[in-house]
Amino acid sequence: MLTRTAPATGPDTGLLTSLGAAWTWPGTAPGGGQVAPLLPAHRIGRTSHGTPDTIGARMRHLAETLGGFARAEALVPDTLATLVTVGSHALLRFPGTRWGLKLPAHPQWTRLVHDHGRAALILGLDPLTQSADAPRIDAYLDAALVRGRLLFGFACCTT
């Protein structure tokens, strides 16, 4: 007898493993206050299936599973993603999955997360190499912002 099962609600493990890296840094919000940005990024496609279009679609799917994101000019919503921090370590958790994304957590970034109770998630719809340094990330964010290829949301801290 076949039994209907509920569809998976979270991102699949393939999508989570394609998020090759994440970057965190203490930042400044548009209003001048401090913010804790978090940029999980899709690795550059290692196969012919990893085209810019498929990567963008995967990142949009991730945004949908997290309850939706906003463009730069809109009010930024809270998402279903949560952050767990323990000391200098942080984990970005996704609903409907037991997996998370381990984050580099600089003490200043972690303090901002604790002070504000959340981090600003930035999802880029374009891939980014794992070895990107600060100038490369700045250039990536600037170019993606101009082209409307960034989505924004907040992840709340659970500890």
# chains A, B, ... in the order shown; residues from 1 in each chain; ligands from 1
$ select_by_dssp --residues "region 2-145 of chain A" --states "helix (DSSP H, G or I)" --output "ChimeraX atom specification"
/A:13-18,52-65,107-116,134-145
$ residues_around --residues "region 100-109 of chain A" --least-positions-apart "5" --cutoff "6 Å" --atoms "only C-alpha atoms" --output "list in words"
Trp25, Pro26, Ala36, Ser88, His89, Ala90, Leu91, Leu92 and Arg93 of chain A
$ closest_residue --among "A:Leu112, A:Val86, A:Ala70, A:Ala119" --to "Pro40 (chain A)" --atoms "only C-alpha atoms"
A:Ala119
$ residues_around --residues "Thr158 (chain A)" --least-positions-apart "3" --cutoff "7 Å" --atoms "only C-alpha atoms" --output "PyMOL selection string"
chain A and resi 82-84
$ write_last_selection --atoms "C-alpha atoms" --output "short mmCIF file (atom, residue, chain, number, x, y, z; two decimals), in the first residue's frame"
data_model
loop_
_atom_site.label_atom_id
_atom_site.label_comp_id
_atom_site.auth_asym_id
_atom_site.auth_seq_id
_atom_site.Cartn_x
_atom_site.Cartn_y
_atom_site.Cartn_z
CA THR A 82 17.27 30.71 13.28
CA LEU A 83 20.73 31.24 14.65
CA VAL A 84 22.26 29.29 17.49
#
$ atom_distance --atom1 "CA of Gly31 (chain A)" --atom2 "CA of Phe69 (chain A)"
19.5 Å
$ atom_distance --atom1 "CA of Pro52 (chain A)" --atom2 "CA of Leu125 (chain A)"
8.2 Å
$ residues_around --residues "Ile137 (chain A)" --least-positions-apart "4" --cutoff "9 Å" --atoms "only C-alpha atoms" --output "list in words"
Trp23, Leu128, Ala132, Asp133, Leu141 and Asp142 of chain A
$ write_last_selection --atoms "N, CA and C atoms" --output "PDB file, in the first residue's frame"
ATOM      1  N   TRP A  23      29.686  34.275   5.036  1.00  0.00           N
ATOM      2  CA  TRP A  23      30.535  35.334   5.561  1.00  0.00           C
ATOM      3  C   TRP A  23      29.733  36.132   6.575  1.00  0.00           C
ATOM      4  N   LEU A 128      29.254  32.711  -5.647  1.00  0.00           N
ATOM      5  CA  LEU A 128      30.422  33.404  -5.131  1.00  0.00           C
ATOM      6  C   LEU A 128      31.450  32.358  -4.741  1.00  0.00           C
ATOM      7  N   ALA A 132      36.524  34.027  -1.541  1.00  0.00           N
ATOM      8  CA  ALA A 132      36.342  35.477  -1.670  1.00  0.00           C
ATOM      9  C   ALA A 132      36.790  36.196  -0.402  1.00  0.00           C
ATOM     10  N   ASP A 133      37.595  37.242  -0.599  1.00  0.00           N
ATOM     11  CA  ASP A 133      38.038  38.066   0.520  1.00  0.00           C
ATOM     12  C   ASP A 133      37.124  39.296   0.613  1.00  0.00           C
ATOM     13  N   LEU A 141      28.604  42.317  -3.579  1.00  0.00           N
ATOM     14  CA  LEU A 141      27.401  42.948  -3.029  1.00  0.00           C
ATOM     15  C   LEU A 141      27.013  44.196  -3.818  1.00  0.00           C
ATOM     16  N   ASP A 142      27.987  45.032  -4.163  1.00  0.00           N
ATOM     17  CA  ASP A 142      27.701  46.250  -4.932  1.00  0.00           C
ATOM     18  C   ASP A 142      27.067  45.909  -6.284  1.00  0.00           C
TER      19      ASP A 142
END
